[in-house]
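Peer 1: I'd like to ask you about the structure that follows.
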Amino acid sequence: MIQKVLIANRGEIALRIIAACRELGLSTVAVFSEADRTSQHVRLADEAVCIGPPFSKASYLNVTAVLSAAEISGADAVHPGYGFLAENAAFAEMVQECGLTWVGPPPDAIRLMGDKATARRTVAERGVPVLPGSATPLTSREEAVRLAYEVGFPVILKASAGGGGKGMRVANDERELRHAFDTARHEAERAFGVADVYLEKYLTAPRHIEIQVMGDNFGRVVAIGERECSIQRRHQKLIEEAPSVVVDEELRRAMCAAAAAAAQAVGYRSAGTVEFLYDEGKFYFMEMNTRIQVEHPVTEEVTGLDLVVEQLNVAAGKPLSFRRRPKMVGHAIEFRINAEDPVTFAPSPGQITELALPVGPGIRLETHIYTGYRVPPHYDSLLAKLIVRGRDRAEAITRARRALSMFQVGGIKTSIPLHQRIIQDPDFQEGRLSTRFMERFAAAGG
Ligand code: ADP
């Protein structure tokens, strides 16, 4: 049984979790940094505990402070959201050792999938397709060169402990690879504390297609369906949609089977996402994210599920509310609205002086902003997720056009104008997407 959930996060996802808890009749404890004192999650939770100064390391990443807040408030469960401590296996273990329920996957599953080289090897053993590359972290530059000739250039070096689009280097030839090897190891060490890198074949214009999965305590793992997340900048997603225009029922079945096999390989429970690259009819495992994802609402919109409610129920020991892959109905697209310059992508913190939110059929908004809210400079720039839904992709795009034009944020710069331009792009409208979309778009004058 769970009665009181501590939410170890901030922003829109903290509100999303509060919403799910309210529906289930669970009380909530917010934690906040000094920079978030006037945040919505602090107002809306039943209780709130200040856990430290603005800097994340001293607050949202401060394990002792978060666990003390749980203890003081008498919470019996911890939901980590995404980012911050969500994929920290040691934290998940500490939560459990404190006698609290961890609303997430088993710590061992987090640990294994968090090491991308090991994850690759583990799922490959279960027959999940992976890109040709190294089975273990590279031990020398010579090994990297030898492997690169084996799989063929271009190749990509990736940090085993990587995440958030960081720690990746593409090499088009031997000279670039020799140079990239040291840089990649150095960057990995600095960003993640572990220098291990591995290598795989680099696809020049693949699609990023991922599968949402959910597992419960009764051995059931259901692969729920795909999201297409090809529109990225600097390897970070900007727009996500479900379903993908290139996935037919046969491919969906194959990708879902592969995703379920990957999840089962690590005894998965709770919500997770298996990410694949798709190219010329084939798909390849990239990594598994062992948390609820930013883009989970597009899946919810086309399936009618509430994935956060499912997470809480699974954590409380209940079975999943569904046995089989639900049918996807209609089409949903999510736009990440960031506090940033729409051209240079430079962060744009500051006070929101005016706000008008989109309304009408097919609109869902996940946001923590309000008029007068001051966007702090210390965190991720995500302000809102605008999710539009239509009977088909064309109707979803029409609704996106309407919603984006109604969405007015004064006082700071946002990515709304960028999204307005993207949805007018003929390639976007026709669904001709790849992870290089934004490069082409920017080069064409965006
Ligand atoms: P992270 O954990 O940092 O998000 P991923 O492994 O998920 O890293 O990769 C993020 C993005 O990098 C992918 O969506 C894709 O755009 C690009 N990418 C990663 N591996 C490859 C590859 N082998 N070929 C082409 N692009 C890749």
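By order in the structure tokens, chains are A, B, ...; within a chain, residues start at 1; ligands start at 1, following the order shown.
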Would you tabulate, counting only C-alpha atoms and all ligand atoms, all residues of chain A that have an atom at most 10 Å from an atom of ligand 1, showing the closest pair of atoms and their distance in Å to one decimal, sorted by chain then ascending number, as a Markdown table?
Peer 2:
```
| residue | atom | partner | partner_atom_place_in_ligand_line | distance |
| --- | --- | --- | --- | --- |
| A:Gly114 | CA | ligand 1 | 2 (O) | 8.9 |
| A:Lys116 | CA | ligand 1 | 6 (O) | 7.9 |
| A:Val130 | CA | ligand 1 | 23 (N) | 9.3 |
| A:Leu131 | CA | ligand 1 | 23 (N) | 6.7 |
| A:Pro132 | CA | ligand 1 | 23 (N) | 8.9 |
| A:Gly133 | CA | ligand 1 | 23 (N) | 9.0 |
| A:Pro154 | CA | ligand 1 | 24 (N) | 8.8 |
| A:Val155 | CA | ligand 1 | 23 (N) | 7.1 |
| A:Ile156 | CA | ligand 1 | 23 (N) | 5.8 |
| A:Leu157 | CA | ligand 1 | 23 (N) | 8.5 |
| A:Lys158 | CA | ligand 1 | 6 (O) | 7.4 |
| A:Ala159 | CA | ligand 1 | 3 (O) | 8.5 |
| A:Ser160 | CA | ligand 1 | 2 (O) | 9.2 |
| A:Ala161 | CA | ligand 1 | 2 (O) | 8.4 |
| A:Gly162 | CA | ligand 1 | 3 (O) | 5.4 |
| A:Gly163 | CA | ligand 1 | 3 (O) | 3.3 |
| A:Gly164 | CA | ligand 1 | 3 (O) | 3.9 |
| A:Gly165 | CA | ligand 1 | 3 (O) | 3.1 |
| A:Lys166 | CA | ligand 1 | 3 (O) | 5.0 |
| A:Gly167 | CA | ligand 1 | 3 (O) | 7.0 |
| A:Met168 | CA | ligand 1 | 3 (O) | 7.4 |
| A:Arg169 | CA | ligand 1 | 19 (C) | 9.4 |
| A:Val170 | CA | ligand 1 | 24 (N) | 8.5 |
| A:Leu199 | CA | ligand 1 | 23 (N) | 8.3 |
| A:Glu200 | CA | ligand 1 | 23 (N) | 5.5 |
| A:Lys201 | CA | ligand 1 | 23 (N) | 5.2 |
| A:Tyr202 | CA | ligand 1 | 24 (N) | 3.6 |
| A:Leu203 | CA | ligand 1 | 24 (N) | 3.9 |
| A:Thr204 | CA | ligand 1 | 25 (C) | 5.9 |
| A:Ala205 | CA | ligand 1 | 25 (C) | 6.9 |
| A:Pro206 | CA | ligand 1 | 25 (C) | 6.3 |
| A:Arg207 | CA | ligand 1 | 16 (O) | 7.6 |
| A:His208 | CA | ligand 1 | 14 (O) | 5.2 |
| A:Ile209 | CA | ligand 1 | 14 (O) | 8.3 |
| A:Glu210 | CA | ligand 1 | 14 (O) | 9.4 |
| A:Cys229 | CA | ligand 1 | 14 (O) | 7.4 |
| A:Ser230 | CA | ligand 1 | 14 (O) | 6.8 |
| A:Ile231 | CA | ligand 1 | 16 (O) | 8.5 |
| A:Gln232 | CA | ligand 1 | 16 (O) | 6.9 |
| A:Arg233 | CA | ligand 1 | 16 (O) | 8.5 |
| A:Arg234 | CA | ligand 1 | 12 (O) | 8.1 |
| A:His235 | CA | ligand 1 | 11 (C) | 4.5 |
| A:Gln236 | CA | ligand 1 | 4 (O) | 6.9 |
| A:Lys237 | CA | ligand 1 | 14 (O) | 7.6 |
| A:Val274 | CA | ligand 1 | 7 (O) | 9.4 |
| A:Glu275 | CA | ligand 1 | 7 (O) | 6.6 |
| A:Phe276 | CA | ligand 1 | 14 (O) | 8.1 |
| A:Leu277 | CA | ligand 1 | 15 (C) | 7.1 |
| A:Tyr278 | CA | ligand 1 | 25 (C) | 9.4 |
| A:Asp279 | CA | ligand 1 | 25 (C) | 9.6 |
| A:Tyr284 | CA | ligand 1 | 23 (N) | 8.7 |
| A:Phe285 | CA | ligand 1 | 6 (O) | 9.1 |
| A:Met286 | CA | ligand 1 | 6 (O) | 5.3 |
| A:Glu287 | CA | ligand 1 | 6 (O) | 5.7 |
| A:Met288 | CA | ligand 1 | 7 (O) | 8.0 |
| A:Asn289 | CA | ligand 1 | 2 (O) | 7.8 |
| A:Ser434 | CA | ligand 1 | 16 (O) | 8.3 |
| A:Thr435 | CA | ligand 1 | 16 (O) | 4.9 |
| A:Arg436 | CA | ligand 1 | 16 (O) | 7.6 |
```
Peer 1: I'd like the contact shell of segment 414-428 of chain A - 8 Å cut-off, only C-alpha atoms, skipping same-chain residues fewer than 2 positions apart - returned as JSON, numbers by chain.
Peer 2: {"A": [335, 336, 337, 338, 339, 340, 341, 342, 343, 348, 397, 401, 404, 405, 407, 409, 412, 430, 431, 432, 433, 441, 446]}
Peer 1: With N, CA and C atoms kept, could you save the residues just selected as a PDB file, in the first residue's frame?
Peer 2:
```
ATOM      1  N   PHE A 335       4.972  19.039 -28.669  1.00  0.00           N
ATOM      2  CA  PHE A 335       5.951  20.091 -28.936  1.00  0.00           C
ATOM      3  C   PHE A 335       6.549  20.512 -27.605  1.00  0.00           C
ATOM      4  N   ARG A 336       7.872  20.453 -27.518  1.00  0.00           N
ATOM      5  CA  ARG A 336       8.513  20.909 -26.277  1.00  0.00           C
ATOM      6  C   ARG A 336       8.704  22.418 -26.362  1.00  0.00           C
ATOM      7  N   ILE A 337       8.050  23.122 -25.447  1.00  0.00           N
ATOM      8  CA  ILE A 337       8.174  24.581 -25.418  1.00  0.00           C
ATOM      9  C   ILE A 337       9.242  24.923 -24.377  1.00  0.00           C
ATOM     10  N   ASN A 338      10.367  25.408 -24.873  1.00  0.00           N
ATOM     11  CA  ASN A 338      11.486  25.730 -23.983  1.00  0.00           C
ATOM     12  C   ASN A 338      11.644  27.228 -23.828  1.00  0.00           C
ATOM     13  N   ALA A 339      12.245  27.637 -22.706  1.00  0.00           N
ATOM     14  CA  ALA A 339      12.585  29.047 -22.514  1.00  0.00           C
ATOM     15  C   ALA A 339      13.929  29.264 -23.191  1.00  0.00           C
ATOM     16  N   GLU A 340      13.871  29.552 -24.481  1.00  0.00           N
ATOM     17  CA  GLU A 340      15.122  29.734 -25.216  1.00  0.00           C
ATOM     18  C   GLU A 340      14.894  30.539 -26.474  1.00  0.00           C
ATOM     19  N   ASP A 341      15.962  31.093 -26.985  1.00  0.00           N
ATOM     20  CA  ASP A 341      15.889  31.834 -28.227  1.00  0.00           C
ATOM     21  C   ASP A 341      15.549  30.851 -29.359  1.00  0.00           C
ATOM     22  N   PRO A 342      14.491  31.132 -30.157  1.00  0.00           N
ATOM     23  CA  PRO A 342      14.079  30.154 -31.168  1.00  0.00           C
ATOM     24  C   PRO A 342      15.086  29.990 -32.314  1.00  0.00           C
ATOM     25  N   VAL A 343      16.051  30.883 -32.419  1.00  0.00           N
ATOM     26  CA  VAL A 343      17.036  30.765 -33.496  1.00  0.00           C
ATOM     27  C   VAL A 343      18.381  30.242 -32.964  1.00  0.00           C
ATOM     28  N   SER A 348      16.701  31.346 -22.126  1.00  0.00           N
ATOM     29  CA  SER A 348      16.098  32.653 -21.910  1.00  0.00           C
ATOM     30  C   SER A 348      15.299  32.663 -20.610  1.00  0.00           C
ATOM     31  N   ILE A 397      -1.865  18.198 -37.066  1.00  0.00           N
ATOM     32  CA  ILE A 397      -1.039  19.347 -37.480  1.00  0.00           C
ATOM     33  C   ILE A 397      -1.883  20.619 -37.565  1.00  0.00           C
ATOM     34  N   ARG A 401      -1.214  24.005 -35.419  1.00  0.00           N
ATOM     35  CA  ARG A 401      -1.084  25.368 -35.957  1.00  0.00           C
ATOM     36  C   ARG A 401      -1.947  26.319 -35.128  1.00  0.00           C
ATOM     37  N   LEU A 404      -0.513  26.582 -31.367  1.00  0.00           N
ATOM     38  CA  LEU A 404       0.735  27.352 -31.264  1.00  0.00           C
ATOM     39  C   LEU A 404       0.467  28.844 -31.473  1.00  0.00           C
ATOM     40  N   SER A 405      -0.510  29.172 -32.339  1.00  0.00           N
ATOM     41  CA  SER A 405      -0.792  30.594 -32.584  1.00  0.00           C
ATOM     42  C   SER A 405      -1.532  31.221 -31.396  1.00  0.00           C
ATOM     43  N   PHE A 407      -0.930  30.317 -28.253  1.00  0.00           N
ATOM     44  CA  PHE A 407      -0.040  30.209 -27.095  1.00  0.00           C
ATOM     45  C   PHE A 407       0.874  31.441 -27.052  1.00  0.00           C
ATOM     46  N   VAL A 409       3.420  33.775 -24.766  1.00  0.00           N
ATOM     47  CA  VAL A 409       4.229  33.905 -23.550  1.00  0.00           C
ATOM     48  C   VAL A 409       5.018  35.202 -23.648  1.00  0.00           C
ATOM     49  N   ILE A 412       9.765  36.505 -21.885  1.00  0.00           N
ATOM     50  CA  ILE A 412      10.929  35.658 -22.194  1.00  0.00           C
ATOM     51  C   ILE A 412      10.766  35.117 -23.606  1.00  0.00           C
ATOM     52  N   GLU A 430       4.843  16.080 -44.744  1.00  0.00           N
ATOM     53  CA  GLU A 430       4.761  14.791 -45.448  1.00  0.00           C
ATOM     54  C   GLU A 430       5.281  13.639 -44.588  1.00  0.00           C
ATOM     55  N   GLY A 431       5.825  13.967 -43.419  1.00  0.00           N
ATOM     56  CA  GLY A 431       6.355  12.913 -42.552  1.00  0.00           C
ATOM     57  C   GLY A 431       7.704  12.373 -43.022  1.00  0.00           C
ATOM     58  N   ARG A 432       8.409  13.153 -43.837  1.00  0.00           N
ATOM     59  CA  ARG A 432       9.758  12.733 -44.263  1.00  0.00           C
ATOM     60  C   ARG A 432      10.752  13.190 -43.198  1.00  0.00           C
ATOM     61  N   LEU A 433      10.934  12.358 -42.186  1.00  0.00           N
ATOM     62  CA  LEU A 433      11.720  12.773 -41.023  1.00  0.00           C
ATOM     63  C   LEU A 433      12.998  11.957 -40.899  1.00  0.00           C
ATOM     64  N   PHE A 441      16.898  21.763 -41.881  1.00  0.00           N
ATOM     65  CA  PHE A 441      15.939  22.847 -41.675  1.00  0.00           C
ATOM     66  C   PHE A 441      16.676  24.159 -41.374  1.00  0.00           C
ATOM     67  N   GLY A 446      15.604  27.791 -41.903  1.00  0.00           N
ATOM     68  CA  GLY A 446      14.610  27.507 -40.869  1.00  0.00           C
ATOM     69  C   GLY A 446      13.449  28.429 -40.927  1.00  0.00           C
TER      70      GLY A 446
END
```
Peer 1: One decimal, Å: what's the distance from atom CA of Ile18 of chain A over to atom CA of Tyr82 of chain A, could you say?
Peer 2: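 Atom CA of Ile18 of chain A sits 14.2 Å away from atom CA of Tyr82 of chain A.
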Peer 1: List as a PyMOL selection string the protein and nucleic acid residues near Asn313 of chain A, meaning an atom at most 10 Å away when only C-alpha atoms are counted, but skip any in the same chain fewer than 2 places from it.
Peer 2: chain A and resi 1-2+24+103+216+270+307-311+315-321
Peer 1: If you keep N, CA and C atoms, can you produce a file of those selected residues as a compact mmCIF listing (two decimals), in the first residue's frame?
Peer 2:
```
# COMPACT_ATOMS: atom_id res chain seq x y z
N MET A 1 0.84 -1.22 0.00
CA MET A 1 0.00 0.00 0.00
C MET A 1 0.87 1.26 0.00
N ILE A 2 0.46 2.23 -0.77
CA ILE A 2 1.12 3.53 -0.75
C ILE A 2 0.07 4.56 -0.31
N LEU A 24 -5.72 8.94 -7.58
CA LEU A 24 -5.66 7.70 -6.81
C LEU A 24 -5.92 7.93 -5.32
N VAL A 103 9.04 4.19 -6.82
CA VAL A 103 8.11 4.15 -7.96
C VAL A 103 8.97 4.15 -9.23
N ASP A 216 4.96 -5.30 -14.69
CA ASP A 216 4.46 -5.34 -13.31
C ASP A 216 5.18 -6.42 -12.50
N SER A 270 7.59 -1.38 -13.97
CA SER A 270 7.30 0.05 -14.11
C SER A 270 7.42 0.49 -15.57
N LEU A 307 -0.12 6.47 -17.85
CA LEU A 307 1.10 5.72 -17.53
C LEU A 307 1.61 6.01 -16.13
N VAL A 308 1.36 7.20 -15.62
CA VAL A 308 1.85 7.53 -14.27
C VAL A 308 0.97 6.82 -13.22
N VAL A 309 -0.32 6.75 -13.48
CA VAL A 309 -1.21 5.97 -12.60
C VAL A 309 -0.78 4.50 -12.62
N GLU A 310 -0.45 3.99 -13.81
CA GLU A 310 0.01 2.59 -13.90
C GLU A 310 1.28 2.40 -13.08
N GLN A 311 2.20 3.37 -13.18
CA GLN A 311 3.46 3.28 -12.41
C GLN A 311 3.18 3.19 -10.92
N ALA A 315 3.88 0.04 -8.47
CA ALA A 315 4.72 0.19 -7.28
C ALA A 315 3.99 -0.29 -6.03
N ALA A 316 2.67 -0.14 -6.03
CA ALA A 316 1.87 -0.57 -4.88
C ALA A 316 1.59 -2.08 -4.93
N GLY A 317 2.14 -2.75 -5.94
CA GLY A 317 2.00 -4.21 -6.01
C GLY A 317 0.82 -4.70 -6.82
N LYS A 318 0.14 -3.78 -7.50
CA LYS A 318 -1.01 -4.21 -8.31
C LYS A 318 -0.57 -4.59 -9.72
N PRO A 319 -1.37 -5.40 -10.39
CA PRO A 319 -1.02 -5.73 -11.78
C PRO A 319 -1.32 -4.56 -12.72
N LEU A 320 -0.73 -4.59 -13.91
CA LEU A 320 -1.07 -3.59 -14.92
C LEU A 320 -2.56 -3.68 -15.23
N SER A 321 -3.16 -2.55 -15.60
CA SER A 321 -4.60 -2.57 -15.85
C SER A 321 -4.92 -3.15 -17.23
```
Peer 1: Select, from A:Pro53, A:Leu6, A:Val123, A:Glu366, the residue with the minimum atom-to-atom distance to Ala77 of chain A, counting only C-alpha atoms.
Peer 2: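 Ranked by minimum distance to Ala77 of chain A, first place goes to A:Leu6.
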Peer 1: Quote the spacing between atom CA of Pro358 of chain A and atom CA of Gln408 of chain A in Å to one decimal place.
Peer 2: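 Atom CA of Pro358 of chain A sits 8.4 Å away from atom CA of Gln408 of chain A.
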